[in-house]
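Engineer: Sharing entry_28.txt here; it has compact mmCIF, C-alpha atoms and all ligand atoms.
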# COMPACT_ATOMS: atom_id res chain seq x y z
CA MET A 1 -43.72 1.52 -29.60
CA ALA A 2 -42.28 3.09 -26.46
CA ALA A 3 -40.04 6.10 -26.85
CA ASN A 4 -36.33 5.47 -26.87
CA VAL A 5 -34.13 6.69 -24.02
CA PRO A 6 -30.73 8.05 -25.04
CA PHE A 7 -27.62 7.26 -23.00
CA LEU A 8 -26.74 10.95 -22.89
CA ASP A 9 -28.42 14.11 -24.21
CA LEU A 10 -25.88 16.93 -24.59
CA PRO A 11 -27.86 19.00 -27.14
CA GLN A 12 -30.72 19.26 -24.64
CA GLN A 13 -28.33 20.27 -21.85
CA HIS A 14 -26.80 23.04 -23.97
CA ARG A 15 -30.04 24.42 -25.43
CA PRO A 16 -30.82 26.94 -22.65
CA LEU A 17 -27.23 28.25 -22.87
CA LEU A 18 -26.99 28.58 -26.65
CA ASN A 19 -27.49 32.36 -26.85
CA GLU A 20 -24.85 33.07 -24.25
CA LEU A 21 -22.45 30.52 -25.75
CA ASN A 22 -22.88 31.84 -29.30
CA GLN A 23 -22.34 35.39 -28.17
CA VAL A 24 -19.17 34.71 -26.19
CA ILE A 25 -17.63 32.29 -28.69
CA GLY A 26 -18.65 34.54 -31.60
CA GLY A 27 -16.82 37.41 -29.90
CA LEU A 28 -13.63 35.36 -29.59
CA ILE A 29 -13.83 34.39 -33.26
CA ALA A 30 -14.43 38.03 -34.28
CA ASP A 31 -11.36 39.09 -32.28
CA ALA A 32 -9.34 36.03 -33.39
CA LYS A 33 -8.48 35.24 -29.77
CA PHE A 34 -7.83 31.54 -29.62
CA ILE A 35 -4.86 30.80 -27.34
CA GLY A 36 -4.56 31.98 -23.73
CA GLY A 37 -5.85 35.38 -22.70
CA ALA A 38 -8.65 36.38 -20.39
CA PRO A 39 -11.06 33.44 -21.00
CA VAL A 40 -8.42 30.90 -19.92
CA ALA A 41 -7.22 32.92 -16.90
CA GLU A 42 -10.83 33.58 -15.82
CA PHE A 43 -11.86 29.95 -16.10
CA GLU A 44 -8.75 28.74 -14.25
CA LYS A 45 -9.53 31.11 -11.40
CA ALA A 46 -13.23 30.22 -11.29
CA PHE A 47 -12.58 26.48 -11.36
CA ALA A 48 -9.92 26.61 -8.62
CA GLN A 49 -12.33 28.66 -6.52
CA TYR A 50 -15.17 26.23 -7.18
CA LEU A 51 -13.04 23.33 -5.95
CA GLY A 52 -11.46 25.15 -3.03
CA ALA A 53 -7.97 24.72 -4.52
CA LYS A 54 -5.26 27.34 -4.83
CA HIS A 55 -4.36 26.87 -8.51
CA CYS A 56 -5.70 25.51 -11.77
CA VAL A 57 -3.81 25.23 -15.06
CA GLY A 58 -5.89 24.62 -18.17
CA VAL A 59 -4.38 21.96 -20.44
CA ALA A 60 -5.34 20.13 -23.63
CA ASN A 61 -7.06 17.09 -22.10
CA GLY A 62 -7.34 15.00 -18.95
CA THR A 63 -4.69 12.47 -19.95
CA ASP A 64 -2.16 15.29 -20.39
CA ALA A 65 -3.20 16.76 -17.04
CA LEU A 66 -2.31 13.51 -15.25
CA TYR A 67 0.90 13.11 -17.28
CA LEU A 68 2.02 16.68 -16.54
CA ALA A 69 1.37 16.21 -12.82
CA LEU A 70 3.56 13.09 -12.71
CA ARG A 71 6.28 14.65 -14.85
CA VAL A 72 6.46 17.80 -12.74
CA LEU A 73 6.76 15.63 -9.61
CA GLY A 74 9.89 14.16 -11.17
CA ILE A 75 8.34 10.76 -11.74
CA GLY A 76 9.87 8.96 -14.72
CA ARG A 77 11.99 6.01 -15.81
CA GLY A 78 12.51 3.41 -13.10
CA ASP A 79 9.64 4.73 -11.00
CA VAL A 80 6.38 2.95 -10.26
CA VAL A 81 2.92 4.48 -9.80
CA ILE A 82 0.02 2.59 -8.24
CA VAL A 83 -3.16 2.62 -10.35
CA PRO A 84 -6.47 0.78 -9.80
CA ALA A 85 -6.99 -2.08 -12.24
CA HIS A 86 -10.49 -0.79 -13.00
CA THR A 87 -10.44 2.68 -14.57
CA PHE A 88 -10.24 4.24 -18.01
CA ILE A 89 -6.87 3.39 -19.56
CA ALA A 90 -5.85 7.08 -19.53
CA THR A 91 -4.95 6.84 -15.83
CA ALA A 92 -2.27 4.25 -16.63
CA GLU A 93 -1.32 5.89 -19.94
CA ALA A 94 -0.30 9.03 -18.05
CA VAL A 95 2.15 6.91 -16.06
CA THR A 96 3.51 5.34 -19.24
CA MET A 97 3.80 8.75 -20.92
CA ALA A 98 5.90 9.97 -17.98
CA GLY A 99 8.26 7.02 -18.57
CA ALA A 100 7.25 5.24 -15.36
CA THR A 101 5.48 1.90 -14.85
CA PRO A 102 1.94 1.43 -13.55
CA ARG A 103 1.46 -1.12 -10.77
CA PHE A 104 -2.14 -2.26 -10.63
CA VAL A 105 -4.18 -3.01 -7.52
CA ASP A 106 -7.75 -4.25 -7.03
CA ILE A 107 -10.82 -2.14 -6.27
CA ASP A 108 -13.28 -2.07 -3.40
CA PRO A 109 -16.32 -4.29 -4.16
CA VAL A 110 -18.82 -1.70 -2.89
CA THR A 111 -17.59 1.64 -4.28
CA TYR A 112 -15.52 0.25 -7.22
CA THR A 113 -12.70 2.67 -6.31
CA LEU A 114 -9.10 1.84 -5.34
CA ASP A 115 -9.16 -0.55 -2.36
CA PRO A 116 -7.01 0.95 0.43
CA LYS A 117 -6.49 -2.57 1.82
CA ALA A 118 -4.69 -3.47 -1.40
CA LEU A 119 -2.12 -0.78 -0.59
CA GLU A 120 -1.19 -2.68 2.59
CA THR A 121 -0.01 -5.71 0.63
CA VAL A 122 1.19 -4.24 -2.67
CA ASP A 123 4.90 -4.48 -3.57
CA THR A 124 6.16 -1.00 -2.67
CA LYS A 125 9.48 -1.25 -4.52
CA ASN A 126 10.20 1.92 -6.53
CA VAL A 127 6.71 3.30 -5.89
CA LYS A 128 6.68 7.11 -6.04
CA ALA A 129 2.98 7.86 -6.26
CA VAL A 130 -0.53 6.49 -6.03
CA MET A 131 -3.39 7.60 -8.28
CA PRO A 132 -6.85 7.15 -6.76
CA VAL A 133 -9.62 7.46 -9.34
CA HIS A 134 -12.98 8.86 -8.23
CA LEU A 135 -14.65 6.44 -10.59
CA TYR A 136 -18.17 7.05 -11.95
CA GLY A 137 -18.34 10.21 -9.81
CA GLN A 138 -17.90 8.64 -6.37
CA PRO A 139 -14.79 9.65 -4.38
CA ALA A 140 -12.24 7.01 -3.47
CA ASP A 141 -11.71 6.36 0.25
CA MET A 142 -9.16 9.16 0.66
CA ASP A 143 -8.34 9.03 4.40
CA PRO A 144 -6.69 5.59 4.44
CA ILE A 145 -5.13 6.20 1.01
CA LEU A 146 -3.57 9.46 2.24
CA ALA A 147 -2.38 7.81 5.46
CA ILE A 148 -0.62 4.96 3.65
CA ALA A 149 0.86 7.36 1.07
CA LYS A 150 2.20 9.55 3.87
CA LYS A 151 3.79 6.58 5.60
CA HIS A 152 5.66 5.63 2.41
CA HIS A 153 6.32 9.23 1.21
CA TRP A 154 4.32 8.64 -1.95
CA HIS A 155 2.74 11.49 -3.85
CA VAL A 156 -1.01 11.34 -4.33
CA VAL A 157 -2.28 12.37 -7.77
CA GLU A 158 -6.07 12.25 -7.97
CA ASP A 159 -7.77 11.30 -11.23
CA CYS A 160 -10.82 13.59 -11.13
CA ALA A 161 -11.88 13.06 -14.74
CA GLN A 162 -15.26 11.75 -13.53
CA SER A 163 -15.68 13.67 -10.26
CA HIS A 164 -16.22 17.41 -10.93
CA GLY A 165 -17.70 18.60 -7.64
CA ALA A 166 -17.91 15.27 -5.80
CA GLN A 167 -17.04 15.48 -2.11
CA TYR A 168 -15.40 13.21 0.45
CA LYS A 169 -16.21 14.12 4.08
CA GLY A 170 -17.26 17.60 2.99
CA LYS A 171 -14.12 18.36 0.97
CA THR A 172 -14.15 18.49 -2.83
CA THR A 173 -12.19 15.91 -4.82
CA GLY A 174 -9.16 17.45 -6.45
CA THR A 175 -8.01 19.06 -3.20
CA PHE A 176 -6.60 15.98 -1.45
CA GLY A 177 -3.47 15.12 -3.41
CA THR A 178 -0.33 17.02 -4.39
CA PHE A 179 -2.02 17.32 -7.77
CA ALA A 180 -5.30 16.43 -9.42
CA GLY A 181 -6.04 15.94 -13.09
CA PHE A 182 -9.44 16.88 -14.54
CA SER A 183 -10.87 16.09 -17.97
CA PHE A 184 -13.37 18.28 -19.82
CA TYR A 185 -14.10 15.71 -22.52
CA PRO A 186 -17.60 16.64 -23.79
CA GLY A 187 -19.44 13.83 -21.99
CA LYS A 188 -17.96 14.48 -18.53
CA ASN A 189 -20.08 16.25 -15.89
CA LEU A 190 -18.29 19.46 -16.89
CA GLY A 191 -17.51 19.10 -20.59
CA ALA A 192 -16.02 21.36 -23.24
CA PHE A 193 -16.94 21.47 -26.95
CA GLY A 194 -13.95 19.31 -27.76
CA ASP A 195 -11.02 18.17 -25.64
CA GLY A 196 -9.86 20.01 -22.53
CA GLY A 197 -8.35 19.33 -19.13
CA ALA A 198 -6.89 20.92 -16.02
CA VAL A 199 -4.13 20.36 -13.50
CA VAL A 200 -5.14 21.46 -10.01
CA GLY A 201 -2.86 21.92 -7.01
CA ASN A 202 -1.80 24.11 -4.11
CA ASP A 203 1.99 24.25 -4.49
CA ASP A 204 3.02 27.55 -6.14
CA GLU A 205 6.30 26.26 -7.57
CA LEU A 206 4.97 22.97 -8.89
CA ILE A 207 2.04 24.74 -10.54
CA ASP A 208 4.35 27.32 -12.06
CA ARG A 209 6.47 24.56 -13.54
CA THR A 210 3.36 22.77 -14.83
CA ARG A 211 2.31 25.91 -16.64
CA ARG A 212 5.73 26.21 -18.29
CA VAL A 213 6.08 22.52 -19.23
CA ALA A 214 2.61 22.60 -20.80
CA ASP A 215 3.68 25.61 -22.91
CA HIS A 216 6.84 24.26 -24.58
CA GLY A 217 8.92 24.64 -21.42
CA ARG A 218 8.91 28.41 -21.93
CA GLN A 219 10.70 30.69 -19.49
CA THR A 220 10.20 33.74 -21.69
CA LYS A 221 8.87 34.12 -25.22
CA GLN A 222 12.21 33.02 -26.70
CA LEU A 223 13.87 31.01 -23.93
CA HIS A 224 12.89 27.41 -23.22
CA GLY A 225 14.17 26.10 -19.87
CA GLU A 226 13.34 22.50 -20.74
CA ALA A 227 11.84 20.59 -23.64
CA GLY A 228 8.18 20.75 -22.70
CA VAL A 229 5.02 19.85 -24.57
CA ASN A 230 2.18 21.73 -26.23
CA SER A 231 -0.80 21.13 -24.00
CA ARG A 232 -2.98 24.21 -23.60
CA LEU A 233 -6.67 24.77 -23.04
CA ASP A 234 -8.11 26.71 -26.01
CA SER A 235 -9.70 30.10 -25.28
CA ILE A 236 -12.98 29.01 -26.88
CA GLN A 237 -13.09 25.90 -24.68
CA ALA A 238 -12.26 27.93 -21.57
CA ALA A 239 -15.04 30.41 -22.36
CA ALA A 240 -17.57 27.61 -22.87
CA LEU A 241 -16.44 25.89 -19.65
CA GLY A 242 -16.77 29.16 -17.72
CA ILE A 243 -20.39 29.46 -18.83
CA LYS A 244 -21.15 25.81 -18.04
CA LEU A 245 -19.38 25.84 -14.65
CA LYS A 246 -22.12 28.09 -13.25
CA HIS A 247 -24.59 25.24 -13.82
CA LEU A 248 -22.44 22.33 -12.62
CA ASN A 249 -23.90 22.06 -9.12
CA ALA A 250 -27.48 22.16 -10.40
CA TRP A 251 -26.66 19.53 -13.03
CA ASN A 252 -24.98 17.29 -10.44
CA GLN A 253 -28.06 17.62 -8.22
CA LYS A 254 -30.33 16.60 -11.08
CA ARG A 255 -28.14 13.57 -11.72
CA ALA A 256 -28.41 12.64 -8.03
CA GLN A 257 -32.20 12.94 -8.27
CA ALA A 258 -32.21 10.62 -11.28
CA ALA A 259 -29.97 8.19 -9.36
CA ALA A 260 -32.47 8.22 -6.50
CA TRP A 261 -35.27 7.33 -8.97
CA TYR A 262 -33.17 4.43 -10.24
CA ASP A 263 -32.25 3.29 -6.71
CA VAL A 264 -35.88 2.94 -5.61
CA ARG A 265 -36.89 0.95 -8.68
CA LEU A 266 -33.83 -1.27 -8.79
CA LYS A 267 -34.08 -2.20 -5.12
CA GLU A 268 -37.01 -4.40 -6.11
CA LEU A 269 -35.20 -5.98 -9.01
CA LYS A 270 -33.44 -9.13 -7.76
CA GLY A 271 -30.24 -10.05 -9.56
CA VAL A 272 -29.35 -6.50 -10.55
CA VAL A 273 -26.70 -4.85 -8.37
CA ALA A 274 -27.34 -1.09 -8.08
CA PRO A 275 -24.47 1.27 -7.26
CA ALA A 276 -23.78 1.79 -3.54
CA LYS A 277 -23.21 5.27 -2.17
CA ALA A 278 -20.83 5.55 0.77
CA ALA A 279 -22.36 7.65 3.58
CA ASP A 280 -19.29 9.90 3.94
CA ARG A 281 -19.24 10.91 0.24
CA THR A 282 -21.33 12.69 -2.34
CA HIS A 283 -21.66 10.87 -5.64
CA ILE A 284 -22.10 13.04 -8.73
CA TYR A 285 -23.17 10.12 -10.93
CA HIS A 286 -21.03 10.76 -13.96
CA LEU A 287 -22.22 7.25 -14.70
CA TYR A 288 -24.96 5.11 -13.13
CA VAL A 289 -23.47 1.62 -13.30
CA VAL A 290 -25.27 -1.62 -12.43
CA GLN A 291 -24.11 -5.22 -12.50
CA VAL A 292 -26.27 -7.69 -14.40
CA PRO A 293 -26.13 -11.39 -15.24
CA ASN A 294 -25.06 -12.25 -18.81
CA ARG A 295 -24.00 -8.73 -19.62
CA ASP A 296 -23.68 -9.11 -23.38
CA LYS A 297 -27.19 -10.52 -23.63
CA CYS A 298 -28.42 -7.60 -21.54
CA LEU A 299 -26.73 -5.08 -23.85
CA GLU A 300 -28.48 -6.69 -26.79
CA PHE A 301 -31.85 -6.61 -25.04
CA MET A 302 -31.49 -2.96 -24.07
CA ALA A 303 -30.49 -2.03 -27.64
CA GLN A 304 -33.49 -3.94 -29.07
CA ASN A 305 -35.69 -1.90 -26.75
CA GLN A 306 -34.04 1.37 -27.68
CA VAL A 307 -32.43 2.08 -24.35
CA GLY A 308 -28.99 3.63 -24.74
CA VAL A 309 -26.44 1.90 -22.53
CA GLY A 310 -22.66 1.73 -22.27
CA VAL A 311 -19.91 -0.38 -20.69
CA HIS A 312 -17.30 1.34 -18.52
CA TYR A 313 -15.11 -0.68 -18.83
CA ALA A 314 -15.19 -4.22 -20.22
CA VAL A 315 -11.52 -5.16 -19.77
CA PRO A 316 -9.48 -4.31 -16.65
CA LEU A 317 -6.09 -2.70 -17.24
CA HIS A 318 -3.93 -5.57 -15.94
CA VAL A 319 -5.13 -7.79 -18.79
CA GLN A 320 -5.22 -5.14 -21.53
CA PRO A 321 -2.98 -6.06 -24.48
CA ALA A 322 -1.25 -2.69 -24.01
CA TYR A 323 0.10 -3.84 -20.64
CA LYS A 324 0.74 -7.53 -21.36
CA ASP A 325 4.51 -6.99 -20.93
CA LEU A 326 3.93 -6.25 -17.24
CA GLY A 327 3.10 -9.95 -16.77
CA TYR A 328 -0.21 -9.76 -14.91
CA LYS A 329 -2.53 -12.77 -15.01
CA HIS A 330 -6.28 -13.28 -15.30
CA GLY A 331 -7.66 -13.91 -11.83
CA GLN A 332 -5.18 -11.62 -10.12
CA PHE A 333 -7.71 -8.87 -9.32
CA PRO A 334 -11.02 -10.71 -8.81
CA VAL A 335 -13.14 -7.67 -7.91
CA ALA A 336 -12.05 -5.65 -10.94
CA GLU A 337 -12.62 -8.71 -13.12
CA LYS A 338 -16.10 -9.37 -11.73
CA VAL A 339 -17.21 -5.76 -12.13
CA THR A 340 -15.78 -5.34 -15.64
CA GLY A 341 -17.46 -8.61 -16.61
CA SER A 342 -20.94 -7.60 -15.49
CA CYS A 343 -21.21 -3.78 -15.54
CA VAL A 344 -23.70 -1.82 -17.61
CA SER A 345 -23.94 1.98 -17.56
CA LEU A 346 -27.59 3.07 -17.72
CA PRO A 347 -28.83 6.36 -19.25
CA MET A 348 -27.71 9.25 -17.01
CA PHE A 349 -27.78 12.97 -17.76
CA PRO A 350 -29.16 16.01 -15.89
CA ASP A 351 -32.41 16.29 -17.84
CA ILE A 352 -33.40 12.63 -17.78
CA THR A 353 -37.04 12.41 -16.66
CA GLU A 354 -38.63 10.10 -14.12
CA ALA A 355 -40.64 8.58 -16.97
CA GLN A 356 -37.43 7.81 -18.84
CA VAL A 357 -35.94 6.18 -15.73
CA ASP A 358 -39.18 4.18 -15.41
CA ARG A 359 -38.83 2.99 -18.96
CA VAL A 360 -35.19 1.93 -18.48
CA CYS A 361 -36.06 0.00 -15.31
CA GLN A 362 -39.06 -1.60 -17.01
CA VAL A 363 -36.87 -2.87 -19.86
CA LEU A 364 -34.27 -4.12 -17.37
CA SER A 365 -37.03 -5.89 -15.42
CA ASP A 366 -38.31 -7.48 -18.65
CA TYR A 367 -34.78 -8.68 -19.34
CA MET A 368 -34.52 -10.30 -15.90
CA LYS A 369 -37.99 -11.91 -16.27
CA ALA A 370 -37.10 -13.28 -19.69
CA GLY A 371 -34.58 -15.41 -17.79
CA SER A 372 -31.62 -13.11 -18.51
C1 LIG B 401 -11.96 10.70 -19.39
C2 LIG B 401 -10.97 10.12 -18.43
C3 LIG B 401 -9.60 10.41 -18.49
C4 LIG B 401 -8.95 11.11 -19.64
O1 LIG B 401 -9.42 12.32 -20.01
P1 LIG B 401 -9.29 12.84 -21.53
O2 LIG B 401 -9.69 14.26 -21.41
O3 LIG B 401 -10.20 12.02 -22.36
O4 LIG B 401 -7.85 12.69 -21.91
C5 LIG B 401 -8.79 9.94 -17.48
N1 LIG B 401 -9.27 9.19 -16.48
C6 LIG B 401 -10.56 8.85 -16.40
C7 LIG B 401 -11.03 8.02 -15.26
C8 LIG B 401 -11.45 9.29 -17.39
O5 LIG B 401 -12.74 8.93 -17.31
Now that the file is in, can you turn its structure into structure tokens?
Ligand SMILES: *Cc1c(COP(=O)(O)O)cnc(C)c1O
Structural biologist:
Amino acid sequence: MAANVPFLDLPQQHRPLLNELNQVIGGLIADAKFIGGAPVAEFEKAFAQYLGAKHCVGVANGTDALYLALRVLGIGRGDVVIVPAHTFIATAEAVTMAGATPRFVDIDPVTYTLDPKALETVDTKNVKAVMPVHLYGQPADMDPILAIAKKHHWHVVEDCAQSHGAQYKGKTTGTFGTFAGFSFYPGKNLGAFGDGGAVVGNDDELIDRTRRVADHGRQTKQLHGEAGVNSRLDSIQAAALGIKLKHLNAWNQKRAQAAAWYDVRLKELKGVVAPAKAADRTHIYHLYVVQVPNRDKCLEFMAQNQVGVGVHYAVPLHVQPAYKDLGYKHGQFPVAEKVTGSCVSLPMFPDITEAQVDRVCQVLSDYMKAGS
């Protein structure tokens, strides 16, 4: 029987770093340093520098990062924020958490990111911001999005939860909007050993306020200027992220190599739609997502053949039960609905081998030959 291929292999990715990680984390435990301090400040500085941004504030998770960005921009009740219909629900949840309402738009059929053309026709009433999502690791088409946002005086808050290091026209995602939110959920391209996130931005005052809101609205130890929240990045997580950040570019390059192996093999496989890479962007392949006929049958076939696959995501946000009160209808965003109905995420991680990619493509080819 052929060897199985996992969807993701984090233990393997961490193995070469275990000594360093154990030493640094062990030191923090020995000193009982868990909140704030040097590890958090050092990671914030290193990550901002890596991106080419002025500031980074470590927070508890990516959803909070997006929520804090919107809240600090003064977006709340009565306001509307434009969100692509095809993304992880956290993008829209951040809007809901801020007290505002998401307004969904369709995605581009080639890159699966927010379609700038949809911004030309969307109802702009009460819109205060737009949230492009650099989905699967490929940047959204930022130039037209920024131009339309500027025309309407909308803020741009980038959802970078899947795009650590991805570039659009030579500039790193997370440096285009007023704010960007990052997630360090373990499976992301830069992942912590638990939850973590970051707010990134260039405006000194807005960042200062973000830092305070995320720490109970503190002005001083005893004085709270506003009722904030508790959303901090743990010292242990920051230390681990600092160690892993040094390897992020190499890991992203290995993912791109694996994607190139997939691309060559899938080009010959009729009926399977491989991901397209826009020429003006780098794709960091957080996920390698294909479209297949009869998706559920395909999932079953892959599982039977011990290939780990995922679905990101099966139900677009405008028809999620959570947002049924907004009154959207099936059929309203045909591209998002087509992609969510046929997408399969294939195994993708830095250490995946060419033989493993071969195996995945062989199983997919067998599925197509079996009449899908
Ligand atoms: C993971 C993710 C988030 C949320 O991040 P958490 O750290 O899990 O809260 C937001 N948006 C997208 C697109 C994501 O993939």
Engineer: Just want the 8 Å neighbourhood of Leu248 (chain A), counted on only C-alpha atoms, with same-chain residues fewer than 5 positions away dropped. Output as a PyMOL selection string.
Structural biologist: chain A and resi 165+189-190
Engineer: Give me, as a PyMOL selection string, all polymer residues having an atom no more than 10 Å from region 258-269 of chain A, counting all atoms listed in the file and skipping those fewer than 3 positions away in the same chain.
Structural biologist: chain A and resi 252-255+272-276+283-285+287-288+290+346-358+360-362+364-365+368-369
Engineer: So for region 92-109 of chain A, what box centre and size do we get, axis-aligned, 3 Å extra on each of the six sides, every listed atom, Å to one decimal, as AutoDock Vina command-line options?
Structural biologist:
--center_x -4.0 --center_y 2.8 --center_z -12.2 --size_x 30.6 --size_y 20.3 --size_z 23.5
Engineer: Compute the set of protein, DNA and RNA residues whose minimum atom distance to ligand LIG 401 (chain B) is at most 6 Å, using only C-alpha atoms and all ligand atoms, and state it as an NGL selection string.
Structural biologist: :A and (61-63 or 87-88 or 90-91 or 159 or 161-162 or 183-185 or 195-197)
Engineer: Find the residue from A:Met302, A:Ala240, A:Ala60, A:Val229 that sits nearest to Gly191 (chain A); use all atoms listed in the file when measuring.
Structural biologist: A:Ala240
Engineer: Which distance in Å separates CA of Glu226 (chain A) and CA of Val213 (chain A), to one decimal?
Structural biologist: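 Straight-line distance from CA of Glu226 (chain A) to CA of Val213 (chain A) works out to 7.4 Å.
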Engineer: Could you give me, as CSV, every region 100-152 of chain A residue with an atom at most 6 Å from region 330-343 of chain A, plus its closest atom pair and distance in Å to one decimal, counting all atoms listed in the file, rows ordered by chain then number?
Structural biologist:
residue,atom,partner,partner_atom,distance
A:Asp106,CA,A:Phe333,CA,5.2
A:Ile107,CA,A:Ala336,CA,6.0
A:Pro109,CA,A:Val335,CA,6.0
Engineer: Neighbours of Asp64 (chain A) within 9 Å (all atoms listed in the file; same-chain residues fewer than 3 positions away dropped), as an NGL selection string?
Structural biologist: :A and (59-61 or 67-69 or 94 or 97 or 181 or 197-199 or 214 or 231)
Engineer: One number please: CA of Glu120 (chain A) to CA of His152 (chain A), in Å, one decimal.
Structural biologist: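 Straight-line distance from CA of Glu120 (chain A) to CA of His152 (chain A) works out to 10.8 Å.
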Engineer: Rounded to one decimal, what separation in Å do you get between CA of Tyr136 (chain A) and CA of Gln304 (chain A)?
Structural biologist: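 These atoms are spaced 25.5 Å apart.
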Engineer: Report as a ChimeraX atom specification all protein, DNA and RNA residues lying within 12 Å of Thr173 (chain A), evaluated on all atoms listed in the file, omitting residues in the same chain fewer than 2 positions from it.
Structural biologist: /A:48,50-53,132-135,137-142,157-171,175-182,200-201,281-284
Engineer: Identify, on the basis of only C-alpha atoms, every residue whose closest approach to region 2-14 of chain A does not exceed 6 Å; exclude the query and any residue fewer than 2 positions from it along the same chain; express the result as a short mmCIF file (atom, residue, chain, number, x, y, z; two decimals) with C-alpha atoms, in the coordinates of the input.
Structural biologist:
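Saved to result_10.cif:
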data_model
loop_
_atom_site.label_atom_id
_atom_site.label_comp_id
_atom_site.auth_asym_id
_atom_site.auth_seq_id
_atom_site.Cartn_x
_atom_site.Cartn_y
_atom_site.Cartn_z
CA PRO A 16 -30.82 26.94 -22.65
CA LEU A 17 -27.23 28.25 -22.87
CA GLN A 306 -34.04 1.37 -27.68
CA VAL A 307 -32.43 2.08 -24.35
CA GLY A 308 -28.99 3.63 -24.74
CA VAL A 309 -26.44 1.90 -22.53
CA PRO A 347 -28.83 6.36 -19.25
CA PHE A 349 -27.78 12.97 -17.76
#
Engineer: In terms of the shortest atom-to-atom distance over all atoms listed in the file, which of A:Pro84, A:Pro144, A:Gly78, A:Gly217 is closest to Thr101 (chain A)?
Structural biologist: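 The shortest atom-to-atom distance to Thr101 (chain A) comes from A:Gly78.
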Engineer: Hey, which of A:Tyr328, A:Phe193, A:Tyr323, A:Tyr313 ends up closest to Leu21 (chain A)? Count only C-alpha atoms.
Structural biologist: A:Phe193
Engineer: Taking into account all atoms listed in the file, which residue in the set A:Arg232, A:Ala46, A:Gly327, A:Leu70 is nearest to Arg103 (chain A)?
Structural biologist: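 Ranked by minimum distance to Arg103 (chain A), first place goes to A:Gly327.
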